[in-house]
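A short write-up of the structure that comes next.
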Amino acid sequence: MGIPRTAAIEYPYGRPVGQVGDREGQRKVLREALSVLEKADNPGEVYHLPFTWPEEPKKTDWQPPEMSPLIKYYLEDIKKARQKVS
Amino acid sequence: MEQGKIVDGFRFLPPGLKAWVRSFIPERDFNGYIPWTPLSKPLHQITLAIVTSAGISLKTDPPFNMEREKREPLWGDRSFRRIPKGTTENDIDVNHLHINTKWIKQDINVMLPLQRMAEFEKEGIIGRLAPTAYSFYGFQWENTDFLREAIEPISIGMKEEGVEAVLLTPA
């Protein structure tokens, strides 16, 4: 099953609305996301929101403190996938 | 703000994880069934509910079950929690083994924007924020049990509260 309407945002996992304590930034993101409800005419439309996270991915600290059980379980597969692309 | 931006959904993944995830996502566009309900009225008249898959629970409720997932890495808690309007970061616990939950514990609005939506309601940007928001645990595979145990009761609750649109924020 697909998603009726998508507001895509390039923000780190776990903080799709914005930074901690950034009320104005959060409001801007949400206004844009809600506007998709009015703009989208067809099932499956994706709107790319024009926001840029201010930190480099490595500095965002989005990953859990401990490796997730899923990643531990598939670690060898992940290493192999990494080798294939490098 | 970057006009014309195309979101890179993999930007925050380390290279190994990115390559692995890409290996099971098809290149072609999704061409299966997509449910569709047109918006029945303008945004400033609708009742909106917010939902997140981030594993947020009230401190007064049982937390999502992380211990079983640690033993069974392909299992994810299928339950859900009701989060009342007015809930703040002081009232919640967050359990999720795939993200760093500390940011949500500092400001619930980064994930479940209850305060921001209450402002929008007051300012007339949306008609009404539903009395109940919902949280579930987003680590679900194609899972009909989850649809029955969580999504069905959530949708019944939404109908009872007159919800006309939903914003889902995935973790």
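Chain identifiers are assigned as A, B, and so on, following the order in which chains appear in the structure tokens; residues are numbered from 1 within each chain, and ligands are numbered from 1 in order of appearance.
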
message = Residues of chain A within 6 Å of chain B, counting only C-alpha atoms, what are they? List them as an MDAnalysis selection string.
response = chainID A and resid 1:2 4 10 13:15 17:18 20 43 48 50:51 57 62:64 68:70 78 81:82

B:Pro84, B:Pro153, B:Pro62, B:Gly138 ranked by distance to B:Ala49, top pick (using only C-alpha atoms) = B:Pro84

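Between atom CA of B:Phe136 and atom CA of A:Ala8 there is a distance of 20.3 Å.
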
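Among B:Glu149, B:Ser57, B:Val94, B:His44, the residue with the shortest atom-to-atom distance to A:Leu37, counting only C-alpha atoms, is B:His44.
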
task = Run DSSP on the backbone and give me the residues of stretch 46-167 of chain B it puts in strand (DSSP E or B), as number ranges by chain.
result = B: 47-52, 54, 56-58, 80-84, 92-94, 128-129, 132-137, 165-167

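Here atom CA of A:Asp22 is placed at a distance of 25.3 Å from atom CA of B:Arg82.
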
request  = Give me, please, the distance in Å between atom CA of B:Ile46 and atom CA of A:Leu49, quoted to one decimal.
outcome  = 22.3 Å

task = Going by DSSP on the backbone, which bits of chain A are alpha helix (DSSP H)? Write them as an MDAnalysis selection string, please.
result = chainID A and resid 23:39 69:73 75:85

ask   = Contacts of B:Thr47 at 8 Å or less, counting only C-alpha atoms, minus same-chain residues fewer than 6 places along, as an MDAnalysis selection string?
value = chainID B and resid 126:130 162:165

Write out as a PDB file with N, CA and C atoms, in the first residue's frame the residues lying within 12 Å of A:Lys39, counting only C-alpha atoms and excluding same-chain residues fewer than 3 positions away.
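Full text of part-v6.pdb as output:
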ATOM      1  N   ARG A   5      -0.151  11.170   0.393  1.00  0.00           N
ATOM      2  CA  ARG A   5       0.545  12.437   0.124  1.00  0.00           C
ATOM      3  C   ARG A   5       1.824  12.451   0.970  1.00  0.00           C
ATOM      4  N   THR A   6       2.906  12.914   0.392  1.00  0.00           N
ATOM      5  CA  THR A   6       4.154  12.951   1.152  1.00  0.00           C
ATOM      6  C   THR A   6       4.758  14.345   1.121  1.00  0.00           C
ATOM      7  N   ALA A   7       5.125  14.850   2.302  1.00  0.00           N
ATOM      8  CA  ALA A   7       5.948  16.054   2.407  1.00  0.00           C
ATOM      9  C   ALA A   7       7.329  15.558   2.821  1.00  0.00           C
ATOM     10  N   GLU A  32       4.519  24.318   5.681  1.00  0.00           N
ATOM     11  CA  GLU A  32       4.793  23.723   4.361  1.00  0.00           C
ATOM     12  C   GLU A  32       4.191  22.322   4.257  1.00  0.00           C
ATOM     13  N   ALA A  33       4.360  21.534   5.326  1.00  0.00           N
ATOM     14  CA  ALA A  33       3.836  20.156   5.297  1.00  0.00           C
ATOM     15  C   ALA A  33       2.310  20.171   5.189  1.00  0.00           C
ATOM     16  N   LEU A  34       1.655  21.047   5.941  1.00  0.00           N
ATOM     17  CA  LEU A  34       0.186  21.107   5.901  1.00  0.00           C
ATOM     18  C   LEU A  34      -0.319  21.609   4.554  1.00  0.00           C
ATOM     19  N   SER A  35       0.477  22.456   3.902  1.00  0.00           N
ATOM     20  CA  SER A  35       0.040  22.988   2.607  1.00  0.00           C
ATOM     21  C   SER A  35      -0.087  21.870   1.565  1.00  0.00           C
ATOM     22  N   VAL A  36       0.641  20.781   1.789  1.00  0.00           N
ATOM     23  CA  VAL A  36       0.556  19.639   0.869  1.00  0.00           C
ATOM     24  C   VAL A  36      -0.865  19.063   0.861  1.00  0.00           C
ATOM     25  N   ASN A  42      -3.469  14.210  -6.552  1.00  0.00           N
ATOM     26  CA  ASN A  42      -3.460  12.807  -6.980  1.00  0.00           C
ATOM     27  C   ASN A  42      -2.767  11.917  -5.955  1.00  0.00           C
ATOM     28  N   PRO A  43      -3.250  10.669  -5.830  1.00  0.00           N
ATOM     29  CA  PRO A  43      -2.621   9.734  -4.892  1.00  0.00           C
ATOM     30  C   PRO A  43      -1.128   9.562  -5.180  1.00  0.00           C
ATOM     31  N   GLU A  45       1.393  11.688  -4.584  1.00  0.00           N
ATOM     32  CA  GLU A  45       2.239  12.857  -4.876  1.00  0.00           C
ATOM     33  C   GLU A  45       3.234  13.110  -3.752  1.00  0.00           C
ATOM     34  N   VAL A  46       4.450  13.488  -4.141  1.00  0.00           N
ATOM     35  CA  VAL A  46       5.518  13.786  -3.178  1.00  0.00           C
ATOM     36  C   VAL A  46       5.949  15.234  -3.363  1.00  0.00           C
ATOM     37  N   TYR A  47       5.925  15.991  -2.282  1.00  0.00           N
ATOM     38  CA  TYR A  47       6.420  17.372  -2.313  1.00  0.00           C
ATOM     39  C   TYR A  47       7.715  17.421  -1.514  1.00  0.00           C
TER      40      TYR A  47
ATOM     41  N   PRO B  38     -10.036  12.842  -0.880  1.00  0.00           N
ATOM     42  CA  PRO B  38      -9.755  14.260  -1.126  1.00  0.00           C
ATOM     43  C   PRO B  38     -10.042  15.084   0.132  1.00  0.00           C
ATOM     44  N   LEU B  39      -9.317  16.176   0.298  1.00  0.00           N
ATOM     45  CA  LEU B  39      -9.568  17.082   1.423  1.00  0.00           C
ATOM     46  C   LEU B  39     -10.952  17.708   1.210  1.00  0.00           C
ATOM     47  N   PRO B  42     -11.315  23.568   3.299  1.00  0.00           N
ATOM     48  CA  PRO B  42     -10.006  24.216   3.457  1.00  0.00           C
ATOM     49  C   PRO B  42      -9.357  23.872   4.804  1.00  0.00           C
ATOM     50  N   LEU B  43      -8.049  23.987   4.809  1.00  0.00           N
ATOM     51  CA  LEU B  43      -7.255  23.669   6.005  1.00  0.00           C
ATOM     52  C   LEU B  43      -7.780  24.376   7.252  1.00  0.00           C
TER      53      LEU B  43
END

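With only C-alpha atoms taken into account, the protein and nucleic acid residues at most 8 Å from B:Leu58 (excluding it and anything under 5 positions from it in its own chain) are Pro63, Arg81, Ile83, Asp91, Ile92 and Asp93 of chain B.
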